[in-house]
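Containing CSV, C-alpha atoms and all ligand atoms: model-v2.csv.
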chain,number,residue,atom,x,y,z
A,23,MET,CA,15.3,57.2,-4.7
A,24,PRO,CA,12.6,57.9,-7.2
A,25,GLY,CA,9.8,55.4,-7.8
A,26,LEU,CA,10.6,52.5,-10.0
A,27,ILE,CA,9.0,53.7,-13.2
A,28,GLU,CA,11.3,56.7,-13.1
A,29,ARG,CA,14.3,54.7,-12.1
A,30,TYR,CA,13.9,52.1,-14.8
A,31,ILE,CA,11.8,54.0,-17.4
A,32,ASP,CA,14.1,52.8,-20.2
A,33,ARG,CA,13.2,49.2,-19.5
A,34,LEU,CA,9.5,49.7,-18.9
A,35,PRO,CA,6.5,50.3,-21.2
A,36,PHE,CA,6.4,54.0,-20.2
A,37,ALA,CA,7.6,57.2,-21.8
A,38,GLU,CA,8.6,60.6,-20.5
A,39,GLY,CA,5.4,62.6,-19.9
A,40,ASP,CA,3.2,59.7,-19.1
A,41,PRO,CA,1.1,60.0,-15.9
A,42,ILE,CA,3.0,58.2,-13.1
A,43,ILE,CA,1.2,57.1,-10.0
A,44,THR,CA,3.9,56.4,-7.5
A,45,LEU,CA,4.6,56.1,-3.8
A,46,GLN,CA,8.3,55.7,-4.3
A,47,GLU,CA,8.1,52.0,-4.3
A,48,GLY,CA,11.1,49.7,-5.0
A,49,SER,CA,14.7,50.2,-4.1
A,50,THR,CA,14.2,47.8,-1.2
A,51,PRO,CA,17.1,46.5,0.9
A,52,LEU,CA,19.0,43.4,0.0
A,53,VAL,CA,20.3,42.2,3.4
A,54,HIS,CA,23.0,39.6,4.0
A,55,ALA,CA,21.8,36.9,6.3
A,56,PRO,CA,24.8,35.5,8.3
A,57,ARG,CA,23.0,33.0,10.5
A,58,LEU,CA,20.9,31.6,7.6
A,59,SER,CA,24.0,31.4,5.5
A,60,GLU,CA,25.8,29.4,8.1
A,61,ARG,CA,22.8,27.1,8.5
A,62,VAL,CA,22.4,26.3,4.8
A,63,GLY,CA,26.1,26.5,3.8
A,64,ALA,CA,25.7,29.2,1.2
A,65,GLU,CA,25.9,33.0,1.0
A,66,VAL,CA,22.3,34.0,1.5
A,67,TRP,CA,20.8,37.4,0.8
A,68,LEU,CA,17.3,38.6,1.8
A,69,LYS,CA,15.3,40.8,-0.6
A,70,ILE,CA,13.1,42.7,1.9
A,71,GLU,CA,10.0,43.5,-0.1
A,72,GLY,CA,8.1,44.4,3.1
A,73,SER,CA,9.9,47.7,2.8
A,74,ASN,CA,7.7,48.8,0.0
A,75,PRO,CA,5.1,51.6,0.7
A,76,THR,CA,2.2,49.2,1.5
A,77,GLY,CA,4.5,46.5,2.9
A,78,SER,CA,4.7,44.0,0.0
A,79,PHE,CA,6.2,43.6,-3.5
A,80,LYS,CA,2.7,44.1,-5.0
A,81,ASP,CA,3.5,47.9,-5.1
A,82,ARG,CA,6.0,47.3,-7.9
A,83,GLY,CA,3.4,45.9,-10.1
A,84,MET,CA,0.7,48.3,-8.9
A,85,THR,CA,2.5,51.5,-9.7
A,86,CYS,CA,2.8,50.3,-13.3
A,87,ALA,CA,-0.7,48.8,-13.6
A,88,VAL,CA,-2.4,51.9,-12.1
A,89,SER,CA,-0.3,54.3,-14.1
A,90,ALA,CA,-1.2,52.5,-17.3
A,91,ALA,CA,-4.8,52.4,-16.4
A,92,VAL,CA,-4.8,56.1,-15.8
A,93,ARG,CA,-3.0,56.7,-19.1
A,94,GLU,CA,-5.8,54.8,-20.8
A,95,GLY,CA,-8.4,56.9,-19.0
A,96,ALA,CA,-9.7,54.3,-16.5
A,97,GLN,CA,-12.0,55.6,-13.7
A,98,ALA,CA,-11.8,52.4,-11.7
A,99,VAL,CA,-9.6,49.5,-11.0
A,100,ILE,CA,-10.5,46.0,-9.7
A,101,CYS,CA,-8.7,42.9,-8.5
A,102,ALA,CA,-9.1,39.6,-6.8
A,103,SER,CA,-6.8,39.3,-3.8
A,104,THR,CA,-5.5,37.2,-1.0
A,105,GLY,CA,-4.8,40.6,0.7
A,106,ASN,CA,-1.6,42.3,-0.5
A,107,THR,CA,-2.8,43.1,-4.0
A,108,ALA,CA,-5.9,44.6,-2.4
A,109,ALA,CA,-3.8,46.8,-0.1
A,110,ALA,CA,-1.6,48.0,-3.0
A,111,LEU,CA,-4.6,48.6,-5.3
A,112,ALA,CA,-6.3,50.6,-2.6
A,113,ALA,CA,-3.3,52.8,-2.0
A,114,TYR,CA,-2.5,53.4,-5.6
A,115,ALA,CA,-6.1,54.0,-6.6
A,116,ALA,CA,-6.3,56.6,-3.7
A,117,ARG,CA,-3.2,58.2,-5.0
A,118,ALA,CA,-4.6,58.3,-8.5
A,119,GLY,CA,-8.0,59.6,-7.4
A,120,ILE,CA,-9.9,56.8,-9.0
A,121,ARG,CA,-12.2,54.1,-7.6
A,122,GLY,CA,-10.7,50.9,-6.2
A,123,VAL,CA,-12.7,47.6,-5.9
A,124,VAL,CA,-11.2,44.4,-4.4
A,125,ILE,CA,-12.8,41.0,-4.1
A,126,VAL,CA,-11.4,38.8,-1.3
A,127,PRO,CA,-12.2,35.4,0.2
A,128,GLU,CA,-14.3,36.1,3.2
A,129,GLY,CA,-12.5,35.7,6.5
A,130,LYS,CA,-9.3,34.5,4.7
A,131,ILE,CA,-7.2,37.6,4.5
A,132,ALA,CA,-4.7,38.9,7.2
A,133,MET,CA,-5.9,41.7,9.4
A,134,GLY,CA,-3.3,44.3,8.4
A,135,LYS,CA,-4.1,43.9,4.7
A,136,LEU,CA,-7.9,44.3,5.3
A,137,ALA,CA,-7.2,47.4,7.4
A,138,GLN,CA,-5.1,48.9,4.6
A,139,ALA,CA,-7.6,48.3,1.9
A,140,LEU,CA,-10.4,49.8,3.9
A,141,MET,CA,-8.4,52.8,5.2
A,142,HIS,CA,-7.4,53.7,1.6
A,143,GLY,CA,-11.1,53.8,0.7
A,144,ALA,CA,-11.4,50.8,-1.6
A,145,GLN,CA,-14.6,49.0,-1.8
A,146,VAL,CA,-13.9,45.6,-0.2
A,147,ILE,CA,-16.2,42.8,-1.3
A,148,ALA,CA,-15.9,39.5,0.5
A,149,ILE,CA,-17.1,36.4,-1.2
A,150,GLN,CA,-17.8,33.0,0.3
A,151,GLY,CA,-15.4,31.3,-2.0
A,152,ASN,CA,-11.6,31.1,-2.5
A,153,PHE,CA,-9.1,33.3,-4.4
A,154,ASP,CA,-9.5,31.2,-7.5
A,155,ARG,CA,-13.2,31.9,-7.7
A,156,ALA,CA,-12.6,35.6,-6.9
A,157,LEU,CA,-10.2,35.8,-9.9
A,158,GLN,CA,-12.7,34.2,-12.2
A,159,LEU,CA,-15.4,36.7,-11.2
A,160,VAL,CA,-13.2,39.8,-11.6
A,161,ARG,CA,-12.0,38.6,-15.1
A,162,THR,CA,-15.7,38.5,-16.1
A,163,VAL,CA,-16.5,41.9,-14.5
A,164,ALA,CA,-13.5,43.5,-16.3
A,165,GLU,CA,-14.7,42.0,-19.7
A,166,LYS,CA,-18.2,43.4,-19.3
A,167,HIS,CA,-17.5,46.8,-17.7
A,168,PRO,CA,-15.0,49.6,-18.2
A,169,ILE,CA,-13.0,48.7,-15.1
A,170,ALA,CA,-9.3,48.0,-15.4
A,171,LEU,CA,-8.2,44.6,-14.1
A,172,VAL,CA,-4.9,44.8,-12.2
A,173,ASN,CA,-4.3,41.3,-11.1
A,174,SER,CA,-1.0,39.8,-12.2
A,175,ILE,CA,-2.6,38.6,-15.5
A,176,ASN,CA,-2.2,42.3,-16.3
A,177,GLU,CA,1.2,42.6,-18.2
A,178,PHE,CA,2.0,45.8,-16.5
A,179,ARG,CA,2.1,44.0,-13.1
A,180,ILE,CA,4.8,41.7,-14.4
A,181,GLU,CA,6.8,44.5,-15.9
A,182,GLY,CA,6.8,46.4,-12.7
A,183,GLN,CA,7.7,43.4,-10.6
A,184,LYS,CA,10.7,42.4,-12.8
A,185,THR,CA,12.5,45.5,-11.5
A,186,ALA,CA,13.3,43.6,-8.3
A,187,ALA,CA,15.6,41.4,-10.3
A,188,PHE,CA,17.3,44.5,-11.7
A,189,GLU,CA,17.9,45.7,-8.2
A,190,ILE,CA,19.4,42.4,-7.0
A,191,ALA,CA,21.6,42.2,-10.1
A,192,GLU,CA,22.9,45.7,-9.4
A,193,GLU,CA,23.6,45.1,-5.7
A,194,LEU,CA,25.4,41.8,-6.4
A,195,ALA,CA,27.2,43.0,-9.5
A,196,GLY,CA,25.3,40.4,-11.6
A,197,GLU,CA,26.6,37.4,-9.6
A,198,LEU,CA,23.8,35.3,-8.4
A,199,ASP,CA,23.5,31.5,-8.6
A,200,ALA,CA,19.9,30.9,-7.3
A,201,LEU,CA,16.7,32.7,-6.3
A,202,CYS,CA,14.3,31.2,-3.8
A,203,ILE,CA,10.8,32.6,-4.0
A,204,PRO,CA,7.3,31.7,-2.7
A,205,VAL,CA,4.8,30.9,-5.5
A,206,GLY,CA,1.1,31.6,-5.3
A,207,ASN,CA,-0.5,32.9,-8.5
A,208,ALA,CA,3.0,32.7,-10.0
A,209,GLY,CA,3.2,36.2,-11.3
A,210,ASN,CA,6.3,37.1,-9.2
A,211,ILE,CA,8.5,34.2,-10.3
A,212,THR,CA,7.5,35.0,-13.9
A,213,ALA,CA,8.5,38.6,-13.3
A,214,TYR,CA,11.9,37.9,-11.7
A,215,TRP,CA,12.8,35.4,-14.5
A,216,ARG,CA,11.9,38.0,-17.1
A,217,GLY,CA,14.0,40.6,-15.3
A,218,PHE,CA,17.0,38.4,-15.1
A,219,ARG,CA,16.7,37.3,-18.7
A,220,GLU,CA,16.6,40.9,-19.8
A,221,LEU,CA,20.0,41.3,-18.2
A,222,GLY,CA,21.4,38.1,-19.7
A,223,MET,CA,21.4,36.4,-16.3
A,224,ALA,CA,20.0,32.9,-15.5
A,225,PRO,CA,20.1,32.1,-11.8
A,226,GLN,CA,18.4,28.8,-10.9
A,227,MET,CA,14.8,29.6,-10.0
A,228,PHE,CA,13.6,27.6,-7.0
A,229,GLY,CA,9.9,28.2,-6.4
A,230,PHE,CA,8.2,27.0,-3.2
A,231,GLN,CA,4.5,26.4,-2.5
A,232,ALA,CA,2.7,25.6,0.7
A,233,ALA,CA,2.0,21.8,0.9
A,234,GLY,CA,-1.7,22.4,1.1
A,235,ALA,CA,-1.7,24.7,-1.9
A,236,ALA,CA,0.9,23.2,-4.2
A,237,PRO,CA,-0.7,22.7,-7.7
A,238,LEU,CA,2.6,23.2,-9.5
A,239,VAL,CA,4.2,20.5,-7.4
A,240,LEU,CA,1.3,18.1,-7.8
A,241,GLY,CA,0.9,18.9,-11.5
A,242,LYS,CA,-2.8,19.6,-11.1
A,243,PRO,CA,-5.1,22.3,-9.7
A,244,VAL,CA,-6.0,22.1,-6.0
A,245,GLU,CA,-9.8,22.6,-5.4
A,246,GLN,CA,-9.6,23.6,-1.7
A,247,PRO,CA,-6.2,25.1,-1.1
A,248,GLU,CA,-5.3,25.3,2.6
A,249,THR,CA,-2.3,26.9,4.4
A,250,ILE,CA,-1.5,29.3,7.1
A,251,ALA,CA,0.4,31.3,4.5
A,252,SER,CA,-2.7,33.1,3.2
A,253,ALA,CA,-0.9,35.1,0.5
A,254,ILE,CA,-0.1,31.8,-1.4
A,255,ARG,CA,-3.4,30.0,-0.7
A,256,ILE,CA,-4.1,29.6,-4.4
A,257,GLY,CA,-5.1,26.4,-6.1
A,258,LYS,CA,-5.0,27.4,-9.8
A,259,PRO,CA,-2.1,29.8,-10.6
A,260,ALA,CA,-2.8,32.1,-13.5
A,261,ARG,CA,0.8,32.1,-14.7
A,262,TRP,CA,1.2,28.3,-14.4
A,263,GLU,CA,3.1,27.6,-17.7
A,264,GLN,CA,5.4,30.7,-17.3
A,265,ALA,CA,6.4,29.7,-13.8
A,266,MET,CA,7.2,26.2,-14.8
A,267,ASP,CA,9.1,27.5,-17.8
A,268,ALA,CA,11.2,29.7,-15.5
A,269,MET,CA,12.1,26.8,-13.2
A,270,THR,CA,12.8,24.4,-16.0
A,271,ALA,CA,14.8,26.7,-18.2
A,272,SER,CA,16.9,27.9,-15.3
A,273,GLY,CA,17.6,24.4,-14.0
A,274,GLY,CA,15.7,25.1,-10.8
A,275,ALA,CA,12.7,23.3,-9.3
A,276,VAL,CA,9.4,23.7,-7.6
A,277,ASN,CA,8.9,22.1,-4.2
A,278,ALA,CA,6.4,22.1,-1.3
A,279,VAL,CA,7.0,23.2,2.3
A,280,THR,CA,4.6,22.3,5.1
A,281,ASP,CA,3.0,25.0,7.3
A,282,GLU,CA,5.3,23.7,10.2
A,283,GLN,CA,8.4,24.3,8.0
A,284,ILE,CA,7.1,27.7,7.0
A,285,LEU,CA,6.5,28.7,10.6
A,286,THR,CA,10.0,27.5,11.6
A,287,ALA,CA,11.6,29.7,9.0
A,288,TYR,CA,9.3,32.6,10.0
A,289,ARG,CA,10.4,32.4,13.6
A,290,PHE,CA,14.1,31.8,12.6
A,291,LEU,CA,14.2,35.0,10.5
A,292,ALA,CA,12.6,37.1,13.2
A,293,ARG,CA,14.8,35.8,16.0
A,294,GLU,CA,18.1,35.1,14.3
A,295,GLU,CA,18.2,37.7,11.6
A,296,GLY,CA,16.0,40.4,13.0
A,297,VAL,CA,13.8,40.3,9.9
A,298,PHE,CA,10.0,40.1,10.3
A,299,CYS,CA,8.2,38.9,7.2
A,300,GLU,CA,4.8,37.4,6.7
A,301,PRO,CA,4.3,33.6,6.7
A,302,ALA,CA,4.0,33.3,2.9
A,303,SER,CA,7.3,35.1,2.5
A,304,ALA,CA,9.0,32.7,4.9
A,305,ALA,CA,8.2,29.9,2.4
A,306,SER,CA,11.2,30.9,0.4
A,307,VAL,CA,13.5,30.5,3.3
A,308,ALA,CA,11.7,27.3,4.5
A,309,GLY,CA,12.3,25.9,1.0
A,310,LEU,CA,16.0,26.8,1.1
A,311,MET,CA,16.3,25.2,4.6
A,312,VAL,CA,14.5,22.0,3.7
A,313,HIS,CA,15.2,21.4,0.0
A,314,GLY,CA,18.4,23.5,-0.5
A,315,ALA,CA,19.2,25.3,-3.7
A,316,GLY,CA,21.3,22.9,-5.7
A,317,ASN,CA,25.0,23.7,-5.6
A,318,ALA,CA,24.4,27.4,-5.5
A,319,GLN,CA,27.1,29.4,-3.7
A,320,ARG,CA,25.2,32.7,-3.6
A,321,VAL,CA,21.4,32.7,-3.1
A,322,ALA,CA,18.8,35.4,-2.8
A,323,CYS,CA,15.5,34.7,-1.0
A,324,VAL,CA,12.6,37.0,-1.7
A,325,LEU,CA,10.8,38.1,1.4
A,326,THR,CA,7.6,39.2,-0.3
A,327,GLY,CA,5.7,40.9,2.5
A,328,HIS,CA,6.1,42.5,6.0
A,329,GLY,CA,5.4,40.6,9.2
A,330,LEU,CA,3.1,43.3,10.5
A,331,LYS,CA,0.6,42.4,7.8
A,332,ASP,CA,-0.5,39.4,9.9
A,333,PRO,CA,-0.2,40.0,13.6
A,334,ASP,CA,-2.6,37.1,14.4
A,335,THR,CA,-0.2,34.5,13.1
A,336,ALA,CA,2.8,36.2,14.8
A,337,LEU,CA,1.1,36.3,18.2
A,338,SER,CA,0.2,32.6,17.8
A,339,GLN,CA,3.9,31.8,17.5
A,340,VAL,CA,5.3,33.5,20.6
A,341,GLY,CA,5.0,33.5,24.4
A,342,GLY,CA,2.9,36.2,26.0
A,343,VAL,CA,3.9,39.4,27.7
A,344,VAL,CA,5.1,39.4,31.3
A,345,PRO,CA,2.6,41.0,33.7
A,346,CYS,CA,4.2,43.2,36.4
A,347,GLU,CA,3.5,45.6,39.2
A,348,PRO,CA,4.6,49.2,38.4
A,349,GLU,CA,7.4,49.0,41.1
A,350,LEU,CA,11.2,48.8,40.7
A,351,SER,CA,11.5,45.7,42.8
A,352,ALA,CA,9.0,43.9,40.8
A,353,ILE,CA,10.6,44.9,37.5
A,354,GLU,CA,14.0,43.7,38.8
A,355,ARG,CA,12.5,40.4,39.9
A,356,ALA,CA,11.1,39.9,36.5
A,357,ILE,CA,14.2,40.9,34.6
A,358,LEU,CA,16.9,39.4,36.8
A,359,ARG,CA,15.2,36.1,37.6
A,401,LIG,C1,1.2,37.8,-3.7
A,401,LIG,C2,2.1,37.3,-2.7
A,401,LIG,C3,2.9,36.1,-3.0
A,401,LIG,C4,2.7,35.3,-4.2
A,401,LIG,O1,3.1,35.9,-5.4
A,401,LIG,P1,2.5,35.4,-6.8
A,401,LIG,O2,3.0,36.4,-7.7
A,401,LIG,O3,1.0,35.3,-6.6
A,401,LIG,O4,3.1,34.0,-7.0
A,401,LIG,C5,3.8,35.7,-2.0
A,401,LIG,N1,3.9,36.4,-0.8
A,401,LIG,C6,3.2,37.5,-0.6
A,401,LIG,C7,3.4,38.1,0.7
A,401,LIG,C8,2.3,37.9,-1.5
A,401,LIG,O5,1.6,39.0,-1.2

Turn this file's structure into structure tokens for me.
Amino acid sequence: MPGLIERYIDRLPFAEGDPIITLQEGSTPLVHAPRLSERVGAEVWLKIEGSNPTGSFKDRGMTCAVSAAVREGAQAVICASTGNTAAALAAYAARAGIRGVVIVPEGKIAMGKLAQALMHGAQVIAIQGNFDRALQLVRTVAEKHPIALVNSINEFRIEGQKTAAFEIAEELAGELDALCIPVGNAGNITAYWRGFRELGMAPQMFGFQAAGAAPLVLGKPVEQPETIASAIRIGKPARWEQAMDAMTASGGAVNAVTDEQILTAYRFLAREEGVFCEPASAASVAGLMVHGAGNAQRVACVLTGHGLKDPDTALSQVGGVVPCEPELSAIERAILR
């Protein structure tokens, strides 16, 4: 499969001949989830966005944002990030041969994401403050200096991310009753809704936030957002109104799930469906398990990022390895016990 700009160029703000910075993102698997379906009493599909080149859906927006920045002659791109945007920015900036700068909350991003951003050669600046503060700062930097801002307030991000809705629609022949999706800065739910609307579809949009970082559920910003799901640890979503509009207009809802509910879904997906996603991604499935999805018969859950992004949380959820002497008898005792 080509990258998503090439695949969907007719529906994206690009033309033949434009510079395209791609890692062949998109075209991710939509996997049926039999055990989860049985559990919730609906036909459930998992959109595995961890299969993107850097392991999250952020690549969809980043191929567009960085391509557009290069088209405009940018020499540098910047973002605030809870981790995955940083990893995607770093990879696409490397690919484009331009400078990448990311601002992250110190000590608050998962290890895999940090490793990616650094390996791809981005400058990683860690502030003693949360994501919301980091976003404020990069907005100002981008206003004052010739550095392109590629957070999801950048329209090209939303344009790229809407292509996931196109893919789901194609795979399910346009038949989808509801979408369950984690909501952090609220760019992705905005993008999916735009994508579905462009196709004339209107599945119910169910957004889920972590209970400790649930401004849309509470109806007011959260000053100190807290959750184990670091990718959605955001207290003041940039696309607040658009996210609420998507949920209201589609007859969906926004609800909160606790960290415990998120971790239960996270383990369930890994053990029962063979799908390893990161904690924030599991919020979509936790929400479906706890709150349901109205009367929907056919539901898609967006699994936004790969489980390997956050090995620390994974290891905190499982038993340890089994120590053993390097002898057949000892191995047999361990296995056959
Ligand atoms: C960015 C991200 C989210 C949240 O998406 P928003 O567009 O900020 O709402 C959810 N899960 C993962 C893994 C992410 O990287």

What are the nearest atom pairs, with distances in Å to one decimal, for all residues of chain A that come at most 8 Å from ligand LIG 401 (chain A), using only C-alpha atoms and all ligand atoms, set out by chain and rising residue number as JSON lines?
{"residue": "A:Ser78", "atom": "CA", "partner": "A:LIG401", "partner_atom": "O5", "distance": 6.0}
{"residue": "A:Phe79", "atom": "CA", "partner": "A:LIG401", "partner_atom": "O5", "distance": 6.9}
{"residue": "A:Lys80", "atom": "CA", "partner": "A:LIG401", "partner_atom": "O5", "distance": 6.5}
{"residue": "A:Thr104", "atom": "CA", "partner": "A:LIG401", "partner_atom": "C1", "distance": 7.2}
{"residue": "A:Gly105", "atom": "CA", "partner": "A:LIG401", "partner_atom": "O5", "distance": 6.9}
{"residue": "A:Asn106", "atom": "CA", "partner": "A:LIG401", "partner_atom": "O5", "distance": 4.6}
{"residue": "A:Thr107", "atom": "CA", "partner": "A:LIG401", "partner_atom": "O5", "distance": 6.6}
{"residue": "A:Ser174", "atom": "CA", "partner": "A:LIG401", "partner_atom": "O2", "distance": 6.9}
{"residue": "A:Ile203", "atom": "CA", "partner": "A:LIG401", "partner_atom": "C5", "distance": 7.9}
{"residue": "A:Pro204", "atom": "CA", "partner": "A:LIG401", "partner_atom": "C5", "distance": 5.4}
{"residue": "A:Val205", "atom": "CA", "partner": "A:LIG401", "partner_atom": "O4", "distance": 3.8}
{"residue": "A:Gly206", "atom": "CA", "partner": "A:LIG401", "partner_atom": "O4", "distance": 3.6}
{"residue": "A:Asn207", "atom": "CA", "partner": "A:LIG401", "partner_atom": "O3", "distance": 3.4}
{"residue": "A:Ala208", "atom": "CA", "partner": "A:LIG401", "partner_atom": "O4", "distance": 3.3}
{"residue": "A:Gly209", "atom": "CA", "partner": "A:LIG401", "partner_atom": "O2", "distance": 3.6}
{"residue": "A:Asn210", "atom": "CA", "partner": "A:LIG401", "partner_atom": "O2", "distance": 3.7}
{"residue": "A:Ile211", "atom": "CA", "partner": "A:LIG401", "partner_atom": "O4", "distance": 6.3}
{"residue": "A:Thr212", "atom": "CA", "partner": "A:LIG401", "partner_atom": "O2", "distance": 7.8}
{"residue": "A:Ala253", "atom": "CA", "partner": "A:LIG401", "partner_atom": "C8", "distance": 4.7}
{"residue": "A:Ile254", "atom": "CA", "partner": "A:LIG401", "partner_atom": "C4", "distance": 5.3}
{"residue": "A:Ile256", "atom": "CA", "partner": "A:LIG401", "partner_atom": "O3", "distance": 8.0}
{"residue": "A:Pro259", "atom": "CA", "partner": "A:LIG401", "partner_atom": "O3", "distance": 7.5}
{"residue": "A:Glu300", "atom": "CA", "partner": "A:LIG401", "partner_atom": "C7", "distance": 6.2}
{"residue": "A:Pro301", "atom": "CA", "partner": "A:LIG401", "partner_atom": "C7", "distance": 7.6}
{"residue": "A:Ala302", "atom": "CA", "partner": "A:LIG401", "partner_atom": "N1", "distance": 4.8}
{"residue": "A:Ser303", "atom": "CA", "partner": "A:LIG401", "partner_atom": "N1", "distance": 4.9}
{"residue": "A:Leu325", "atom": "CA", "partner": "A:LIG401", "partner_atom": "C7", "distance": 7.4}
{"residue": "A:Thr326", "atom": "CA", "partner": "A:LIG401", "partner_atom": "C7", "distance": 4.5}
{"residue": "A:Gly327", "atom": "CA", "partner": "A:LIG401", "partner_atom": "C7", "distance": 4.0}
{"residue": "A:His328", "atom": "CA", "partner": "A:LIG401", "partner_atom": "C7", "distance": 7.4}

Nearest to Lys130 of chain A by atom-to-atom distance, counting only C-alpha atoms, from A:Asn152, A:Gly257, A:Glu347, A:Asp199: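 Looking only at the distances to Lys130 of chain A, the closest residue turns out to be A:Asn152.
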
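If you look at atom CA of Arg219 of chain A and atom CA of Ile31 of chain A, they are 17.5 Å away from each other.
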
Residue with smallest distance to Ile27 of chain A - pool A:Ile125, A:Ile42, A:Ala64, A:Ala156, counting only C-alpha atoms: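 Smallest separation from Ile27 of chain A among the options: A:Ile42.
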
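From atom CA of Leu285 of chain A back to atom CA of Ala109 of chain A, the distance works out to 23.4 Å.
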
Point (6.6, 43.8, -10.0) neighbourhood (8 Å, all atoms listed in the file) written as a VMD selection string: chain A and resid 79 to 84 179 to 186 210 213

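For the choices A:Ala118, A:Ile250, A:Ala268, A:Ile149, the atom-to-atom distance to Leu201 of chain A is smallest for A:Ala268 when using all atoms listed in the file.
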
Residue with smallest distance to His167 of chain A - pool A:Arg255, A:Glu354, A:Gly77, A:Ala96, counting only C-alpha atoms: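 Smallest distance to His167 of chain A is found for A:Ala96.
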
Separation of atom CA of Phe178 of chain A from atom CA of Met223 of chain A, in Å and rounded to one decimal: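 According to the coordinates, atom CA of Phe178 of chain A and atom CA of Met223 of chain A are separated by 21.6 Å.
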
Nearest candidate to Leu159 of chain A (options A:Gly48, A:Pro225, A:Gly274, A:Pro127; using only C-alpha atoms):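 Using only C-alpha atoms, Leu159 of chain A sits closest to A:Pro127.
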
Close residues, segment 308-317 of chain A itself excluded, 7 Å, all atoms listed in the file, min 2 positions apart in chain, as a list in words: Val62, Ala200, Cys202, Phe228, Phe230, Val279, Gln283, Ile284, Ala287, Ala304, Ala305, Ser306 and Gln319 of chain A

Of the listed residues A:Ala195, A:Leu291, A:Leu136, A:Ala144, that which approaches Val123 of chain A most closely, counting only C-alpha atoms: A:Ala144

Within 6 Å of (17.6, 37.5, -14.9) in the file's own coordinates, which protein, DNA or RNA residues have an atom, counting all atoms listed in the file? List them as a compact mmCIF listing (two decimals) with C-alpha atoms, in the frame of the given file.
# COMPACT_ATOMS: atom_id res chain seq x y z
CA TRP A 215 12.80 35.40 -14.50
CA GLY A 217 14.00 40.60 -15.30
CA PHE A 218 17.00 38.40 -15.10
CA ARG A 219 16.70 37.30 -18.70
CA LEU A 221 20.00 41.30 -18.20
CA MET A 223 21.40 36.40 -16.30
CA ALA A 224 20.00 32.90 -15.50

8 Å contact set for Ala236 of chain A, only C-alpha atoms, chain neighbours under 3 positions out, as JSON, numbers by chain: {"A": [231, 232, 233, 239, 240, 244, 247, 257, 278]}
